[in-house]
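What's in start.pdb: PDB, N, CA and C atoms, pLDDT in the B column
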```pdb
MODEL        1
ATOM      1  N   MET A   1     -25.841  22.960  16.819  1.00 79.00           N
ATOM      2  CA  MET A   1     -24.517  22.820  17.380  1.00 79.00           C
ATOM      3  C   MET A   1     -23.986  21.410  17.167  1.00 79.00           C
ATOM      4  N   ALA A   2     -24.838  20.425  17.325  1.00 92.00           N
ATOM      5  CA  ALA A   2     -24.408  19.042  17.138  1.00 92.00           C
ATOM      6  C   ALA A   2     -24.080  18.778  15.674  1.00 92.00           C
ATOM      7  N   ILE A   3     -24.819  19.410  14.784  1.00 93.00           N
ATOM      8  CA  ILE A   3     -24.563  19.208  13.357  1.00 93.00           C
ATOM      9  C   ILE A   3     -23.227  19.824  12.965  1.00 93.00           C
ATOM     10  N   SER A   4     -22.929  21.013  13.467  1.00 94.00           N
ATOM     11  CA  SER A   4     -21.656  21.649  13.129  1.00 94.00           C
ATOM     12  C   SER A   4     -20.482  20.857  13.713  1.00 94.00           C
ATOM     13  N   ARG A   5     -20.638  20.308  14.894  1.00 95.00           N
ATOM     14  CA  ARG A   5     -19.580  19.483  15.488  1.00 95.00           C
ATOM     15  C   ARG A   5     -19.382  18.217  14.669  1.00 95.00           C
ATOM     16  N   MET A   6     -20.488  17.617  14.207  1.00 96.00           N
ATOM     17  CA  MET A   6     -20.393  16.412  13.395  1.00 96.00           C
ATOM     18  C   MET A   6     -19.703  16.710  12.056  1.00 96.00           C
ATOM     19  N   LEU A   7     -20.034  17.840  11.446  1.00 96.00           N
ATOM     20  CA  LEU A   7     -19.386  18.222  10.190  1.00 96.00           C
ATOM     21  C   LEU A   7     -17.901  18.510  10.403  1.00 96.00           C
ATOM     22  N   THR A   8     -17.553  19.139  11.521  1.00 96.00           N
ATOM     23  CA  THR A   8     -16.155  19.403  11.827  1.00 96.00           C
ATOM     24  C   THR A   8     -15.386  18.111  12.024  1.00 96.00           C
ATOM     25  N   ASN A   9     -15.953  17.168  12.756  1.00 96.00           N
ATOM     26  CA  ASN A   9     -15.303  15.872  12.975  1.00 96.00           C
ATOM     27  C   ASN A   9     -15.141  15.105  11.674  1.00 96.00           C
ATOM     28  N   THR A  10     -16.139  15.157  10.827  1.00 97.00           N
ATOM     29  CA  THR A  10     -16.075  14.462   9.539  1.00 97.00           C
ATOM     30  C   THR A  10     -15.001  15.076   8.649  1.00 97.00           C
ATOM     31  N   ALA A  11     -14.960  16.400   8.595  1.00 97.00           N
ATOM     32  CA  ALA A  11     -13.938  17.070   7.782  1.00 97.00           C
ATOM     33  C   ALA A  11     -12.540  16.767   8.316  1.00 97.00           C
ATOM     34  N   GLN A  12     -12.375  16.736   9.615  1.00 97.00           N
ATOM     35  CA  GLN A  12     -11.073  16.427  10.196  1.00 97.00           C
ATOM     36  C   GLN A  12     -10.684  14.991   9.882  1.00 97.00           C
ATOM     37  N   PHE A  13     -11.617  14.066   9.987  1.00 96.00           N
ATOM     38  CA  PHE A  13     -11.346  12.661   9.693  1.00 96.00           C
ATOM     39  C   PHE A  13     -10.895  12.487   8.245  1.00 96.00           C
ATOM     40  N   ILE A  14     -11.597  13.128   7.319  1.00 96.00           N
ATOM     41  CA  ILE A  14     -11.266  12.994   5.898  1.00 96.00           C
ATOM     42  C   ILE A  14      -9.929  13.656   5.591  1.00 96.00           C
ATOM     43  N   SER A  15      -9.681  14.819   6.171  1.00 96.00           N
ATOM     44  CA  SER A  15      -8.415  15.500   5.893  1.00 96.00           C
ATOM     45  C   SER A  15      -7.227  14.738   6.480  1.00 96.00           C
ATOM     46  N   GLU A  16      -7.377  14.153   7.659  1.00 94.00           N
ATOM     47  CA  GLU A  16      -6.296  13.347   8.230  1.00 94.00           C
ATOM     48  C   GLU A  16      -6.025  12.108   7.387  1.00 94.00           C
ATOM     49  N   ALA A  17      -7.076  11.497   6.864  1.00 94.00           N
ATOM     50  CA  ALA A  17      -6.895  10.337   5.992  1.00 94.00           C
ATOM     51  C   ALA A  17      -6.188  10.748   4.702  1.00 94.00           C
ATOM     52  N   PHE A  18      -6.564  11.877   4.139  1.00 93.00           N
ATOM     53  CA  PHE A  18      -5.933  12.371   2.917  1.00 93.00           C
ATOM     54  C   PHE A  18      -4.447  12.630   3.149  1.00 93.00           C
ATOM     55  N   VAL A  19      -4.123  13.271   4.262  1.00 91.00           N
ATOM     56  CA  VAL A  19      -2.718  13.560   4.573  1.00 91.00           C
ATOM     57  C   VAL A  19      -1.946  12.277   4.788  1.00 91.00           C
ATOM     58  N   ARG A  20      -2.539  11.317   5.445  1.00 89.00           N
ATOM     59  CA  ARG A  20      -1.844  10.058   5.714  1.00 89.00           C
ATOM     60  C   ARG A  20      -1.589   9.274   4.429  1.00 89.00           C
ATOM     61  N   ILE A  21      -2.512   9.312   3.499  1.00 88.00           N
ATOM     62  CA  ILE A  21      -2.358   8.576   2.242  1.00 88.00           C
ATOM     63  C   ILE A  21      -1.299   9.217   1.357  1.00 88.00           C
ATOM     64  N   PHE A  22      -1.289  10.552   1.274  1.00 89.00           N
ATOM     65  CA  PHE A  22      -0.460  11.223   0.286  1.00 89.00           C
ATOM     66  C   PHE A  22       0.834  11.814   0.831  1.00 89.00           C
ATOM     67  N   THR A  23       1.219  11.508   2.053  1.00 86.00           N
ATOM     68  CA  THR A  23       2.526  11.945   2.538  1.00 86.00           C
ATOM     69  C   THR A  23       3.584  10.941   2.070  1.00 86.00           C
ATOM     70  N   PRO A  24       4.812  11.392   1.898  1.00 80.00           N
ATOM     71  CA  PRO A  24       5.874  10.459   1.503  1.00 80.00           C
ATOM     72  C   PRO A  24       6.088   9.405   2.583  1.00 80.00           C
ATOM     73  N   ALA A  25       6.498   8.248   2.153  1.00 75.00           N
ATOM     74  CA  ALA A  25       6.718   7.153   3.097  1.00 75.00           C
ATOM     75  C   ALA A  25       7.896   7.492   3.999  1.00 75.00           C
ATOM     76  N   ASN A  26       7.756   7.201   5.259  1.00 70.00           N
ATOM     77  CA  ASN A  26       8.847   7.444   6.195  1.00 70.00           C
ATOM     78  C   ASN A  26       9.320   6.119   6.783  1.00 70.00           C
ATOM     79  N   ASP A  27       9.348   5.106   5.945  1.00 69.00           N
ATOM     80  CA  ASP A  27       9.817   3.801   6.378  1.00 69.00           C
ATOM     81  C   ASP A  27      11.324   3.846   6.576  1.00 69.00           C
ATOM     82  N   ALA A  28      11.821   3.104   7.517  1.00 69.00           N
ATOM     83  CA  ALA A  28      13.250   3.106   7.821  1.00 69.00           C
ATOM     84  C   ALA A  28      13.935   1.885   7.207  1.00 69.00           C
ATOM     85  N   TYR A  29      13.623   1.595   5.955  1.00 69.00           N
ATOM     86  CA  TYR A  29      14.257   0.471   5.287  1.00 69.00           C
ATOM     87  C   TYR A  29      15.659   0.867   4.844  1.00 69.00           C
ATOM     88  N   PRO A  30      16.637  -0.023   4.944  1.00 70.00           N
ATOM     89  CA  PRO A  30      17.983   0.328   4.485  1.00 70.00           C
ATOM     90  C   PRO A  30      18.044   0.377   2.962  1.00 70.00           C
ATOM     91  N   VAL A  31      18.855   1.258   2.449  1.00 75.00           N
ATOM     92  CA  VAL A  31      19.026   1.371   1.004  1.00 75.00           C
ATOM     93  C   VAL A  31      20.085   0.349   0.603  1.00 75.00           C
ATOM     94  N   ILE A  32      19.631  -0.772   0.029  1.00 77.00           N
ATOM     95  CA  ILE A  32      20.562  -1.850  -0.289  1.00 77.00           C
ATOM     96  C   ILE A  32      20.695  -2.082  -1.780  1.00 77.00           C
ATOM     97  N   GLY A  33      19.839  -1.491  -2.571  1.00 76.00           N
ATOM     98  CA  GLY A  33      19.934  -1.647  -4.011  1.00 76.00           C
ATOM     99  C   GLY A  33      19.256  -2.917  -4.496  1.00 76.00           C
ATOM    100  N   VAL A  34      19.462  -3.209  -5.766  1.00 75.00           N
ATOM    101  CA  VAL A  34      18.851  -4.369  -6.398  1.00 75.00           C
ATOM    102  C   VAL A  34      19.652  -5.612  -6.048  1.00 75.00           C
ATOM    103  N   GLN A  35      18.967  -6.651  -5.654  1.00 74.00           N
ATOM    104  CA  GLN A  35      19.627  -7.902  -5.308  1.00 74.00           C
ATOM    105  C   GLN A  35      19.575  -8.847  -6.504  1.00 74.00           C
ATOM    106  N   PRO A  36      20.647  -9.567  -6.788  1.00 78.00           N
ATOM    107  CA  PRO A  36      20.644 -10.506  -7.915  1.00 78.00           C
ATOM    108  C   PRO A  36      19.733 -11.705  -7.627  1.00 78.00           C
ATOM    109  N   PHE A  37      19.139 -12.236  -8.670  1.00 78.00           N
ATOM    110  CA  PHE A  37      18.265 -13.400  -8.545  1.00 78.00           C
ATOM    111  C   PHE A  37      19.127 -14.641  -8.437  1.00 78.00           C
ATOM    112  N   THR A  38      18.936 -15.419  -7.375  1.00 80.00           N
ATOM    113  CA  THR A  38      19.758 -16.613  -7.173  1.00 80.00           C
ATOM    114  C   THR A  38      18.932 -17.889  -7.228  1.00 80.00           C
ATOM    115  N   GLY A  39      17.680 -17.797  -7.562  1.00 80.00           N
ATOM    116  CA  GLY A  39      16.828 -18.977  -7.609  1.00 80.00           C
ATOM    117  C   GLY A  39      16.848 -19.641  -8.968  1.00 80.00           C
ATOM    118  N   SER A  40      16.006 -20.626  -9.144  1.00 81.00           N
ATOM    119  CA  SER A  40      15.923 -21.305 -10.439  1.00 81.00           C
ATOM    120  C   SER A  40      14.720 -20.761 -11.202  1.00 81.00           C
ATOM    121  N   ILE A  41      14.846 -20.728 -12.501  1.00 79.00           N
ATOM    122  CA  ILE A  41      13.794 -20.210 -13.359  1.00 79.00           C
ATOM    123  C   ILE A  41      12.743 -21.285 -13.562  1.00 79.00           C
ATOM    124  N   HIS A  42      11.481 -20.896 -13.424  1.00 75.00           N
ATOM    125  CA  HIS A  42      10.376 -21.827 -13.602  1.00 75.00           C
ATOM    126  C   HIS A  42      10.181 -22.082 -15.095  1.00 75.00           C
ATOM    127  N   LYS A  43      10.191 -23.352 -15.478  1.00 76.00           N
ATOM    128  CA  LYS A  43       9.961 -23.715 -16.874  1.00 76.00           C
ATOM    129  C   LYS A  43       8.520 -24.201 -16.994  1.00 76.00           C
ATOM    130  N   ARG A  44       7.768 -23.526 -17.828  1.00 76.00           N
ATOM    131  CA  ARG A  44       6.367 -23.839 -17.997  1.00 76.00           C
ATOM    132  C   ARG A  44       6.217 -25.102 -18.833  1.00 76.00           C
ATOM    133  N   ARG A  45       5.478 -26.045 -18.336  1.00 75.00           N
ATOM    134  CA  ARG A  45       5.211 -27.271 -19.084  1.00 75.00           C
ATOM    135  C   ARG A  45       3.801 -27.237 -19.648  1.00 75.00           C
ATOM    136  N   LYS A  46       3.615 -27.946 -20.729  1.00 74.00           N
ATOM    137  CA  LYS A  46       2.267 -28.054 -21.279  1.00 74.00           C
ATOM    138  C   LYS A  46       1.453 -28.977 -20.371  1.00 74.00           C
ATOM    139  N   THR A  47       0.278 -28.513 -20.026  1.00 70.00           N
ATOM    140  CA  THR A  47      -0.580 -29.357 -19.180  1.00 70.00           C
ATOM    141  C   THR A  47      -1.704 -29.925 -20.036  1.00 70.00           C
ATOM    142  N   THR A  48      -2.066 -31.131 -19.746  1.00 68.00           N
ATOM    143  CA  THR A  48      -3.181 -31.750 -20.457  1.00 68.00           C
ATOM    144  C   THR A  48      -4.313 -31.935 -19.469  1.00 68.00           C
ATOM    145  N   TRP A  49      -5.360 -31.209 -19.686  1.00 66.00           N
ATOM    146  CA  TRP A  49      -6.506 -31.273 -18.784  1.00 66.00           C
ATOM    147  C   TRP A  49      -7.471 -32.245 -19.324  1.00 66.00           C
TER     148      TRP A  49
ENDMDL
END
```
Whole structure given in structure tokens:
Amino acid sequence: MAISRMLTNTAQFISEAFVRIFTPANDAYPVIGVQPFTGSIHKRRKTTW
């Protein structure tokens, strides 16, 4: 009986994790679109080590 309960708990744990990982995101972020870049571009300099 203890083994069957342990197997049931394990299967439930794994299935809940699977559902949580693969469900669509339900985040309430506003749809604002792509924002333009307003910063400065990094210019790579040659470094001498």
Produce the centre coordinates and the three edge lengths, each in Å to one decimal, of the box along x, y and z that contains all listed atoms of region 28-45 of chain A with 6 Å added on each side, as lines of an AutoDock Vina configuration file.
```
center_x = 12.2
center_y = -12.1
center_z = -5.9
size_x = 28.9
size_y = 42.4
size_z = 39.5
```
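Atom pair atom C of Thr8 (chain A) / atom N of Ile21 (chain A): separated by 17.8 Å.
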Can you check which residues of chain A DSSP gives as helix (DSSP H, G or I) on the backbone and send them as a PyMOL selection string?
chain A and resi 2-22
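Atom C of Phe18 (chain A) is positioned 29.5 Å from atom C of Ile32 (chain A).
Between CA of Thr23 (chain A) and CA of Leu7 (chain A) there is a distance of 24.0 Å.
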Could I see region 25-48 of chain A restored to N, CA, C and O atoms, set down as an mmCIF file, in the frame of the given file?
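selection14.cif, written as the output of this step:
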```cif
data_model
loop_
_atom_site.group_PDB
_atom_site.id
_atom_site.type_symbol
_atom_site.label_atom_id
_atom_site.label_comp_id
_atom_site.auth_asym_id
_atom_site.auth_seq_id
_atom_site.Cartn_x
_atom_site.Cartn_y
_atom_site.Cartn_z
ATOM 1 N N ALA A 25 6.498 8.248 2.153
ATOM 2 C CA ALA A 25 6.718 7.153 3.097
ATOM 3 C C ALA A 25 7.896 7.492 3.999
ATOM 4 O O ALA A 25 8.910 8.007 3.552
ATOM 5 N N ASN A 26 7.756 7.201 5.259
ATOM 6 C CA ASN A 26 8.847 7.444 6.195
ATOM 7 C C ASN A 26 9.320 6.119 6.783
ATOM 8 O O ASN A 26 9.634 6.037 7.958
ATOM 9 N N ASP A 27 9.348 5.106 5.945
ATOM 10 C CA ASP A 27 9.817 3.801 6.378
ATOM 11 C C ASP A 27 11.324 3.846 6.576
ATOM 12 O O ASP A 27 12.040 4.522 5.849
ATOM 13 N N ALA A 28 11.821 3.104 7.517
ATOM 14 C CA ALA A 28 13.250 3.106 7.821
ATOM 15 C C ALA A 28 13.935 1.885 7.207
ATOM 16 O O ALA A 28 14.726 1.218 7.861
ATOM 17 N N TYR A 29 13.623 1.595 5.955
ATOM 18 C CA TYR A 29 14.257 0.471 5.287
ATOM 19 C C TYR A 29 15.659 0.867 4.844
ATOM 20 O O TYR A 29 15.877 1.986 4.378
ATOM 21 N N PRO A 30 16.637 -0.023 4.944
ATOM 22 C CA PRO A 30 17.983 0.328 4.485
ATOM 23 C C PRO A 30 18.044 0.377 2.962
ATOM 24 O O PRO A 30 17.336 -0.362 2.277
ATOM 25 N N VAL A 31 18.855 1.258 2.449
ATOM 26 C CA VAL A 31 19.026 1.371 1.004
ATOM 27 C C VAL A 31 20.085 0.349 0.603
ATOM 28 O O VAL A 31 21.271 0.537 0.822
ATOM 29 N N ILE A 32 19.631 -0.772 0.029
ATOM 30 C CA ILE A 32 20.562 -1.850 -0.289
ATOM 31 C C ILE A 32 20.695 -2.082 -1.780
ATOM 32 O O ILE A 32 21.567 -2.807 -2.214
ATOM 33 N N GLY A 33 19.839 -1.491 -2.571
ATOM 34 C CA GLY A 33 19.934 -1.647 -4.011
ATOM 35 C C GLY A 33 19.256 -2.917 -4.496
ATOM 36 O O GLY A 33 18.592 -3.627 -3.768
ATOM 37 N N VAL A 34 19.462 -3.209 -5.766
ATOM 38 C CA VAL A 34 18.851 -4.369 -6.398
ATOM 39 C C VAL A 34 19.652 -5.612 -6.048
ATOM 40 O O VAL A 34 20.873 -5.629 -6.156
ATOM 41 N N GLN A 35 18.967 -6.651 -5.654
ATOM 42 C CA GLN A 35 19.627 -7.902 -5.308
ATOM 43 C C GLN A 35 19.575 -8.847 -6.504
ATOM 44 O O GLN A 35 18.552 -8.946 -7.180
ATOM 45 N N PRO A 36 20.647 -9.567 -6.788
ATOM 46 C CA PRO A 36 20.644 -10.506 -7.915
ATOM 47 C C PRO A 36 19.733 -11.705 -7.627
ATOM 48 O O PRO A 36 19.569 -12.112 -6.478
ATOM 49 N N PHE A 37 19.139 -12.236 -8.670
ATOM 50 C CA PHE A 37 18.265 -13.400 -8.545
ATOM 51 C C PHE A 37 19.127 -14.641 -8.437
ATOM 52 O O PHE A 37 19.975 -14.905 -9.288
ATOM 53 N N THR A 38 18.936 -15.419 -7.375
ATOM 54 C CA THR A 38 19.758 -16.613 -7.173
ATOM 55 C C THR A 38 18.932 -17.889 -7.228
ATOM 56 O O THR A 38 19.453 -18.965 -6.977
ATOM 57 N N GLY A 39 17.680 -17.797 -7.562
ATOM 58 C CA GLY A 39 16.828 -18.977 -7.609
ATOM 59 C C GLY A 39 16.848 -19.641 -8.968
ATOM 60 O O GLY A 39 17.630 -19.298 -9.856
ATOM 61 N N SER A 40 16.006 -20.626 -9.144
ATOM 62 C CA SER A 40 15.923 -21.305 -10.439
ATOM 63 C C SER A 40 14.720 -20.761 -11.202
ATOM 64 O O SER A 40 13.719 -20.392 -10.628
ATOM 65 N N ILE A 41 14.846 -20.728 -12.501
ATOM 66 C CA ILE A 41 13.794 -20.210 -13.359
ATOM 67 C C ILE A 41 12.743 -21.285 -13.562
ATOM 68 O O ILE A 41 13.054 -22.446 -13.843
ATOM 69 N N HIS A 42 11.481 -20.896 -13.424
ATOM 70 C CA HIS A 42 10.376 -21.827 -13.602
ATOM 71 C C HIS A 42 10.181 -22.082 -15.095
ATOM 72 O O HIS A 42 10.039 -21.160 -15.882
ATOM 73 N N LYS A 43 10.191 -23.352 -15.478
ATOM 74 C CA LYS A 43 9.961 -23.715 -16.874
ATOM 75 C C LYS A 43 8.520 -24.201 -16.994
ATOM 76 O O LYS A 43 8.106 -25.156 -16.344
ATOM 77 N N ARG A 44 7.768 -23.526 -17.828
ATOM 78 C CA ARG A 44 6.367 -23.839 -17.997
ATOM 79 C C ARG A 44 6.217 -25.102 -18.833
ATOM 80 O O ARG A 44 6.784 -25.218 -19.920
ATOM 81 N N ARG A 45 5.478 -26.045 -18.336
ATOM 82 C CA ARG A 45 5.211 -27.271 -19.084
ATOM 83 C C ARG A 45 3.801 -27.237 -19.648
ATOM 84 O O ARG A 45 2.932 -26.579 -19.102
ATOM 85 N N LYS A 46 3.615 -27.946 -20.729
ATOM 86 C CA LYS A 46 2.267 -28.054 -21.279
ATOM 87 C C LYS A 46 1.453 -28.977 -20.371
ATOM 88 O O LYS A 46 1.899 -30.053 -20.007
ATOM 89 N N THR A 47 0.278 -28.513 -20.026
ATOM 90 C CA THR A 47 -0.580 -29.357 -19.180
ATOM 91 C C THR A 47 -1.704 -29.925 -20.036
ATOM 92 O O THR A 47 -2.218 -29.269 -20.937
ATOM 93 N N THR A 48 -2.066 -31.131 -19.746
ATOM 94 C CA THR A 48 -3.181 -31.750 -20.457
ATOM 95 C C THR A 48 -4.313 -31.935 -19.469
ATOM 96 O O THR A 48 -4.221 -32.682 -18.504
#
```
